[in-house]
file my_file-v2.cif (mmCIF, C-alpha atoms)
data_work
#
loop_
_atom_site.label_atom_id
_atom_site.label_comp_id
_atom_site.auth_asym_id
_atom_site.auth_seq_id
_atom_site.Cartn_x
_atom_site.Cartn_y
_atom_site.Cartn_z
CA MET A 1 38.28 123.20 188.09
CA GLU A 2 37.84 120.41 185.60
CA SER A 3 41.10 118.89 184.48
CA ARG A 4 41.94 118.80 180.77
CA PRO A 5 41.95 115.42 179.02
CA ARG A 6 45.45 113.91 179.08
CA PHE A 7 47.53 114.97 176.09
CA ASP A 8 49.12 112.09 174.23
CA LEU A 9 52.12 113.27 172.24
CA THR A 10 52.47 110.14 170.11
CA SER A 11 48.88 110.23 168.90
CA ALA A 12 49.07 114.00 168.38
CA LEU A 13 52.10 113.50 166.11
CA ALA A 14 50.34 110.68 164.28
CA ARG A 15 47.31 112.93 163.72
CA TRP A 16 49.57 115.72 162.49
CA THR A 17 51.25 113.36 160.00
CA ALA A 18 47.93 111.93 158.79
CA ASP A 19 46.54 115.42 158.38
CA PHE A 20 49.51 116.58 156.30
CA ALA A 21 49.32 113.45 154.16
CA ALA A 22 45.56 113.77 153.62
CA ARG A 23 45.32 117.48 152.84
CA GLY A 24 48.49 118.16 150.90
CA ASN A 25 50.53 116.95 148.00
CA LEU A 26 53.77 116.46 149.89
CA GLU A 27 55.58 113.19 149.29
CA PRO A 28 55.71 110.75 152.24
CA GLY A 29 59.48 111.25 152.54
CA LYS A 30 59.08 114.99 153.00
CA ILE A 31 56.33 114.56 155.61
CA ALA A 32 58.48 112.02 157.47
CA GLU A 33 61.36 114.47 157.52
CA LEU A 34 59.16 117.32 158.77
CA GLY A 35 57.76 114.96 161.42
CA SER A 36 61.29 114.09 162.50
CA HIS A 37 62.05 117.81 162.71
CA LEU A 38 58.94 118.33 164.83
CA ARG A 39 60.12 115.68 167.30
CA ASP A 40 63.56 117.32 167.58
CA SER A 41 61.92 120.66 168.14
CA ILE A 42 59.55 119.23 170.77
CA ALA A 43 62.39 117.48 172.60
CA ASP A 44 64.27 120.76 172.74
CA LEU A 45 61.27 122.67 174.08
CA GLN A 46 60.63 120.01 176.71
CA GLN A 47 64.18 120.46 177.94
CA HIS A 48 63.29 124.08 178.54
CA GLY A 49 60.52 122.99 180.90
CA LEU A 50 57.47 122.93 178.61
CA ASP A 51 54.99 120.08 178.93
CA ASP A 52 54.00 117.80 176.02
CA ALA A 53 50.98 119.82 174.91
CA GLU A 54 52.76 123.18 175.04
CA ALA A 55 55.82 121.87 173.25
CA PHE A 56 53.68 120.29 170.52
CA LEU A 57 51.69 123.48 170.04
CA ILE A 58 54.74 125.71 169.76
CA ALA A 59 56.72 123.30 167.57
CA THR A 60 53.87 122.92 165.06
CA ARG A 61 53.37 126.70 164.99
CA ARG A 62 57.04 127.25 164.28
CA LEU A 63 56.99 124.70 161.49
CA GLY A 64 54.25 126.69 159.77
CA ASN A 65 51.07 125.56 158.09
CA LEU A 66 50.79 123.14 155.22
CA ALA A 67 50.07 125.77 152.57
CA GLN A 68 53.20 127.78 153.47
CA ILE A 69 55.44 124.72 153.43
CA GLU A 70 54.01 123.49 150.13
CA ALA A 71 54.47 126.93 148.61
CA GLU A 72 58.15 126.97 149.64
CA PHE A 73 58.75 123.52 148.17
CA GLU A 74 57.03 124.46 144.94
CA LYS A 75 59.06 127.64 144.68
CA ALA A 76 62.34 125.76 145.11
CA GLU A 77 61.35 123.02 142.69
CA SER A 78 59.82 125.22 140.01
CA ILE A 79 63.12 127.06 139.65
CA LEU A 80 64.96 123.80 139.26
CA LEU A 81 62.78 121.69 137.01
CA PRO A 82 62.04 123.68 133.88
CA ARG A 83 65.37 125.43 133.66
CA ARG A 84 67.79 122.62 134.29
CA ALA A 85 66.57 119.09 134.72
CA LEU A 86 64.24 119.23 131.74
CA TRP A 87 66.97 120.58 129.53
CA TRP A 88 69.18 117.69 130.46
CA LEU A 89 66.31 115.31 129.96
CA VAL A 90 65.72 116.62 126.45
CA LEU A 91 69.45 116.48 125.79
CA GLY A 92 69.46 112.92 127.10
CA VAL A 93 66.74 111.86 124.68
CA VAL A 94 68.49 113.59 121.78
CA GLY A 95 71.76 111.94 122.83
CA TRP A 96 70.10 108.56 123.03
CA THR A 97 68.49 109.01 119.63
CA THR A 98 71.82 110.01 118.14
CA LEU A 99 73.42 106.99 119.75
CA GLN A 100 70.74 104.85 118.18
CA GLY A 101 71.57 106.38 114.83
CA ALA A 102 75.20 105.39 115.29
CA LEU A 103 74.00 101.97 116.31
CA HIS A 104 72.02 101.62 113.09
CA VAL A 105 75.03 102.52 111.02
CA LEU A 106 77.06 99.89 112.88
CA GLY A 107 74.24 97.37 112.59
CA ILE A 108 73.82 98.00 108.88
CA GLY A 109 77.57 97.73 108.37
CA LEU A 110 77.78 94.43 110.20
CA THR A 111 74.70 93.08 108.48
CA LEU A 112 75.97 94.03 105.06
CA LEU A 113 79.24 92.32 106.00
CA GLY A 114 77.17 89.30 107.01
CA CYS A 115 75.46 89.37 103.59
CA LEU A 116 78.77 88.40 102.05
CA PHE A 117 78.67 85.08 103.90
CA THR A 118 75.02 84.18 104.21
CA LYS A 119 71.61 85.05 102.84
CA ASN A 120 69.90 83.51 105.88
CA GLN A 121 67.61 86.27 107.23
CA THR A 122 67.21 84.72 110.71
CA MET A 123 70.96 84.78 111.10
CA LEU A 124 71.15 88.40 109.94
CA ALA A 125 68.37 89.45 112.31
CA THR A 126 70.23 87.78 115.21
CA LEU A 127 73.31 89.75 114.24
CA CYS A 128 71.32 93.01 114.35
CA GLY A 129 69.87 92.13 117.73
CA MET A 130 73.27 91.25 119.19
CA THR A 131 74.77 94.55 118.03
CA GLU A 132 71.91 96.49 119.58
CA LEU A 133 72.22 94.62 122.87
CA VAL A 134 75.98 95.24 123.09
CA MET A 135 75.43 98.95 122.46
CA LEU A 136 72.68 99.03 125.06
CA GLY A 137 75.06 97.47 127.58
CA LEU A 138 77.81 99.96 126.73
CA PHE A 139 75.33 102.82 127.07
CA PHE A 140 74.30 101.83 130.60
CA CYS A 141 77.92 101.25 131.68
CA ALA A 142 78.81 104.73 130.43
CA LEU A 143 75.79 106.22 132.19
CA ARG A 144 76.77 104.57 135.48
CA ALA A 145 80.29 105.92 135.23
CA LEU A 146 79.06 109.41 134.35
CA VAL A 147 76.55 109.56 137.20
CA ASN A 148 79.39 109.26 139.72
CA GLN A 149 81.39 111.99 138.02
CA HIS A 150 79.11 114.91 137.24
CA SER A 151 76.58 116.74 139.33
CA TRP A 152 74.32 117.59 136.40
CA ILE A 153 73.81 113.94 135.56
CA GLN A 154 73.15 113.19 139.20
CA MET A 155 70.62 115.99 139.11
CA MET A 156 68.95 114.50 136.06
CA VAL A 157 68.92 111.04 137.57
CA ASN A 158 67.43 112.45 140.76
CA PHE A 159 64.74 114.19 138.76
CA ILE A 160 63.93 110.99 136.92
CA ALA A 161 64.05 109.05 140.18
CA ARG A 162 61.45 111.35 141.64
CA HIS A 163 59.20 111.19 138.59
CA PRO A 164 60.09 107.78 137.08
CA TRP A 165 56.89 107.22 135.14
CA ARG A 166 56.70 110.73 133.80
CA ALA A 167 60.30 110.45 132.63
CA ALA A 168 59.87 106.96 131.17
CA LEU A 169 56.74 108.09 129.37
CA PHE A 170 58.58 111.09 128.00
CA VAL A 171 61.46 108.98 126.72
CA ALA A 172 59.06 106.41 125.28
CA LEU A 173 57.09 109.12 123.54
CA ALA A 174 60.17 110.77 122.07
CA ASN A 175 61.47 107.39 120.95
CA GLY A 176 58.10 106.40 119.55
CA LEU A 177 57.88 109.58 117.50
CA PHE A 178 61.39 109.03 116.22
CA HIS A 179 60.54 105.49 115.14
CA MET A 180 57.26 106.50 113.56
CA ALA A 181 59.17 109.00 111.46
CA SER A 182 61.92 106.53 110.63
CA SER A 183 59.56 103.67 109.79
CA LEU A 184 57.88 105.96 107.28
CA PHE A 185 61.19 107.21 105.97
CA ILE A 186 63.29 104.02 105.83
CA PRO A 187 61.03 101.95 103.48
CA ILE A 188 60.79 104.89 101.10
CA LEU A 189 64.56 105.26 101.19
CA CYS A 190 64.96 101.51 100.59
CA ARG A 191 62.72 101.58 97.51
CA ILE A 192 64.85 104.34 96.09
CA VAL A 193 68.25 102.92 97.03
CA SER A 194 67.80 99.20 96.55
CA PRO A 195 64.62 97.30 95.79
CA ASN A 196 65.33 93.79 97.14
CA SER A 197 67.35 92.21 99.92
CA VAL A 198 68.72 95.38 101.52
CA GLY A 199 65.16 96.65 101.91
CA ASN A 200 64.21 93.53 103.86
CA ILE A 201 67.27 93.83 106.07
CA LEU A 202 66.53 97.44 106.87
CA THR A 203 62.98 96.54 107.84
CA LEU A 204 64.43 93.91 110.15
CA LEU A 205 66.81 96.48 111.62
CA ASN A 206 63.93 98.80 112.24
CA GLY A 207 62.05 96.08 114.07
CA ALA A 208 65.13 95.25 116.16
CA SER A 209 65.59 98.87 117.15
CA MET A 210 61.92 99.11 118.16
CA ILE A 211 62.40 96.15 120.47
CA SER A 212 65.55 97.69 121.90
CA SER A 213 63.71 100.97 122.60
CA LEU A 214 61.05 99.06 124.47
CA ALA A 215 63.80 97.25 126.38
CA PHE A 216 65.43 100.63 127.08
CA VAL A 217 62.25 102.05 128.58
CA GLY A 218 61.72 98.90 130.64
CA ILE A 219 65.29 98.78 131.93
CA THR A 220 65.20 102.51 132.71
CA ALA A 221 62.01 102.15 134.72
CA PHE A 222 63.48 99.14 136.54
CA ILE A 223 66.78 100.88 137.41
CA LEU A 224 64.95 104.02 138.50
CA GLY A 225 62.78 101.94 140.78
CA LYS A 226 65.98 100.80 142.52
CA VAL A 227 67.58 104.26 142.62
CA ARG A 228 64.50 105.86 144.15
CA PRO A 229 65.49 107.44 147.46
CA ALA A 230 64.08 106.07 150.73
CA GLN A 231 60.73 107.64 151.32
CA THR A 232 59.53 105.95 154.46
CA VAL A 233 60.59 106.09 158.03
CA SER A 234 59.75 103.68 160.75
CA MET B 1 68.44 140.74 161.61
CA LEU B 2 69.47 140.22 158.02
CA SER B 3 67.22 141.11 155.10
CA ARG B 4 65.18 138.34 153.48
CA GLU B 5 67.16 138.61 150.27
CA LEU B 6 70.49 138.25 152.00
CA VAL B 7 69.24 135.29 154.05
CA ALA B 8 68.02 133.60 150.87
CA ALA B 9 71.25 134.26 148.96
CA SER B 10 73.51 133.05 151.75
CA THR B 11 71.62 129.82 152.46
CA ARG B 12 73.37 127.84 149.76
CA PRO B 13 77.01 128.62 150.70
CA LEU B 14 76.14 128.30 154.38
CA LEU B 15 74.54 124.88 153.96
CA LEU B 16 77.42 123.60 151.85
CA SER B 17 79.91 124.92 154.41
CA LEU B 18 77.99 123.50 157.37
CA LEU B 19 77.83 120.09 155.72
CA ALA B 20 81.54 120.31 154.89
CA GLU B 21 82.05 120.11 158.67
CA GLY B 22 80.33 116.73 158.64
CA GLU B 23 76.91 115.19 158.08
CA SER B 24 73.93 116.74 159.82
CA TYR B 25 70.12 116.99 159.82
CA GLY B 26 67.62 119.82 159.38
CA TYR B 27 66.95 120.72 162.99
CA ALA B 28 70.63 120.69 163.95
CA LEU B 29 71.52 122.85 160.93
CA ILE B 30 69.03 125.53 161.98
CA GLN B 31 70.37 125.49 165.54
CA ARG B 32 73.99 125.57 164.42
CA VAL B 33 73.59 128.53 162.08
CA LYS B 34 71.65 130.42 164.76
CA GLU B 35 74.43 129.79 167.24
CA LEU B 36 77.22 130.69 164.79
CA SER B 37 75.54 133.93 163.73
CA GLY B 38 74.73 134.98 167.29
CA GLY B 39 71.03 134.82 166.49
CA GLU B 40 71.27 137.04 163.39
CA LEU B 41 70.41 134.20 161.05
CA GLN B 42 67.20 132.43 161.94
CA TRP B 43 66.28 129.94 159.25
CA THR B 44 62.71 128.77 159.05
CA GLU B 45 61.87 125.14 158.39
CA GLY B 46 59.70 126.14 155.45
CA MET B 47 62.71 127.67 153.78
CA LEU B 48 65.40 125.18 154.79
CA TYR B 49 63.93 121.85 153.68
CA PRO B 50 63.08 122.90 150.12
CA VAL B 51 66.65 124.23 149.73
CA LEU B 52 68.10 120.99 151.12
CA HIS B 53 65.99 118.97 148.69
CA ARG B 54 67.05 121.19 145.85
CA LEU B 55 70.73 120.80 146.67
CA GLU B 56 70.10 117.07 146.80
CA ASP B 57 68.46 117.20 143.37
CA GLU B 58 71.48 119.03 142.05
CA GLY B 59 73.67 116.26 143.43
CA LEU B 60 75.61 118.63 145.69
CA ILE B 61 74.52 116.88 148.85
CA ALA B 62 73.26 113.35 149.53
CA ALA B 63 70.69 112.26 152.09
CA GLN B 64 70.14 109.10 154.06
CA TRP B 65 67.71 108.02 156.75
CA LYS B 66 69.70 106.74 159.71
CA ASP B 67 69.18 105.85 163.34
CA SER B 68 70.04 108.73 165.61
CA GLU B 69 71.25 108.72 169.21
CA THR B 70 67.63 109.18 170.32
CA GLY B 71 66.72 105.79 168.83
CA ARG B 72 64.42 107.07 166.08
CA GLN B 73 65.38 107.77 162.50
CA ARG B 74 66.53 111.08 161.09
CA LYS B 75 67.39 112.18 157.59
CA TYR B 76 71.08 113.03 157.52
CA TYR B 77 72.66 115.11 154.78
CA ARG B 78 76.28 115.05 153.68
CA LEU B 79 78.37 116.89 151.11
CA THR B 80 79.11 115.05 147.84
CA LYS B 81 82.17 115.45 145.63
CA PRO B 82 80.39 117.85 143.23
CA GLY B 83 79.15 119.66 146.36
CA GLY B 84 82.74 120.20 147.46
CA LYS B 85 83.51 121.75 144.08
CA ALA B 86 80.43 123.98 144.27
CA LEU B 87 81.50 125.10 147.75
CA LYS B 88 84.89 126.12 146.40
CA THR B 89 83.25 128.29 143.72
CA GLU B 90 80.83 129.82 146.24
CA ARG B 91 83.73 130.55 148.58
CA GLU B 92 85.68 132.37 145.88
CA GLN B 93 82.64 134.48 144.95
CA TRP B 94 81.74 135.42 148.51
CA LEU B 95 85.34 136.21 149.34
CA SER B 96 85.63 138.53 146.36
CA VAL B 97 82.49 140.43 147.47
CA HIS B 98 83.82 140.51 151.01
CA GLN B 99 87.21 141.75 149.87
CA THR B 100 85.72 144.53 147.75
CA LEU B 101 83.55 145.78 150.59
CA ASP B 102 86.42 145.48 153.02
CA THR B 103 88.67 147.56 150.79
CA LEU B 104 85.97 150.22 150.42
CA TRP B 105 85.27 150.42 154.12
CA ASN B 106 88.85 150.20 155.32
CA PRO B 107 90.91 152.07 152.74
CA ALA B 108 94.63 151.49 152.98
CA PRO B 109 96.43 154.49 154.48
CA ALA B 110 97.51 156.81 151.71
CA LEU B 111 101.17 156.57 150.88
CA THR B 112 103.00 159.85 151.16
#
call {"tool": "encode", "arguments": {"input": "my_file-v2.cif", "output": "structure tokens"}}
result
Amino acid sequence: MESRPRFDLTSALARWTADFAARGNLEPGKIAELGSHLRDSIADLQQHGLDDAEAFLIATRRLGNLAQIEAEFEKAESILLPRRALWWLVLGVVGWTTLQGALHVLGIGLTLLGCLFTKNQTMLATLCGMTELVMLGLFFCALRALVNQHSWIQMMVNFIARHPWRAALFVALANGLFHMASSLFIPILCRIVSPNSVGNILTLLNGASMISSLAFVGITAFILGKVRPAQTVS
Amino acid sequence: MLSRELVAASTRPLLLSLLAEGESYGYALIQRVKELSGGELQWTEGMLYPVLHRLEDEGLIAAQWKDSETGRQRKYYRLTKPGGKALKTEREQWLSVHQTLDTLWNPAPALT
């Protein structure tokens, strides 16, 4: 009887991994974890006297096919995402926008105070920028502290960490819309309230807040890049 | 064997309780729950990993790739502080169901 070609477990596992990666939408981290599971399962079966090929066959069967696994992941995630994480994400954007509103009030207050001493617009713009930066710093400190305290924020951060660009885009879009509305609204308001210097200052403020939103999106994307959980395995 | 619904509903408190014993990984969790339940509870991989990832997303457990005793890496899960709180709530709820059923099935002897 002709002997079967020698079964190489390492290359069989590599083929299995490559196949899962090529055909499905599972993230590399998930595939690595399933691969690790497969090895544990194979090791266990080998202890019960099965050879490499038999153990591999049974372990992969037990794990189930790609479509089944993907369906289970989708089911678990679809329950989570729309109902919870997205709510918090929306709330986060609303919270951030509100915070920016408070920041404007503070900025306007400080700038008006500055008007008493100087009419130098560069100086006033610097003042606006500084206020925004301080608030931005406070915001991130608060966020860091909160993340360690509450599971729902951790959940939101995890969601963002898994979809950083989608989340950043969403925040940028919401912020952009807010600024488009405000940049239409503020000049009109300025014309009505005060025609001259205050109008210029408010335009400056608006510009400063636009820059800070851009900085916010950039910093968020950067931090999320760092938070992102380990996805690879050697 | 337990019904699918009961298996699904009990996964969460079981996982939180198992991880309260100490950190562990997917394969070991399946083996442990099988052993503890005398074979009544047989989790499938397809069901377990999505639930683990979901609990991780909720911040109730945390995961980390680490070297194992076999020399290769495994993803280990551990309970977080919010996870401990969630376990306490789950425990209270399951105990109240258990207590109600227990009272119904083993009525106290009538006082004469």
call {"tool": "interface_residues", "arguments": {"input": "my_file-v2.cif", "of": "chain B", "to": "chain A", "cutoff": "8 Å", "atoms": "only C-alpha atoms", "output": "MDAnalysis selection string"}}
result
chainID B and resid 26:27 44:47 49:51 54 56:60 64:65 72:75 82
call {"tool": "residues_near_point", "arguments": {"input": "my_file-v2.cif", "point": "(72.8, 118.9, 161.2)", "cutoff": "10 Å", "atoms": "only C-alpha atoms", "output": "list in words"}}
result
Leu15, Leu18, Leu19, Glu21, Gly22, Glu23, Ser24, Tyr25, Gly26, Tyr27, Ala28, Leu29, Ile30, Gln31, Arg32, Val33, Lys75, Tyr76, Tyr77 and Arg78 of chain B
call {"tool": "atom_distance", "arguments": {"input": "my_file-v2.cif", "atom1": "CA of Leu127 (chain A)", "atom2": "CA of Val94 (chain A)"}}
result
25.5 Å
call {"tool": "atom_distance", "arguments": {"input": "my_file-v2.cif", "atom1": "CA of Ala14 (chain A)", "atom2": "CA of Phe56 (chain A)"}}
result
11.9 Å
call {"tool": "atom_distance", "arguments": {"input": "my_file-v2.cif", "atom1": "CA of Leu41 (chain B)", "atom2": "CA of Leu79 (chain B)"}}
result
21.5 Å
call {"tool": "closest_residue", "arguments": {"input": "my_file-v2.cif", "among": "B:Glu35, B:Trp43, B:Leu2, B:Ile61", "to": "Lys85 (chain B)", "atoms": "all atoms listed in the file"}}
result
B:Ile61
call {"tool": "resolve_selection", "arguments": {"input": "my_file-v2.cif", "expression": "the PyMOL selection byres ((chain B and resi 90-93) around 10)", "output": "PyMOL selection string"}}
result
chain B and resi 10+12-14+16-17+84-89+94-99
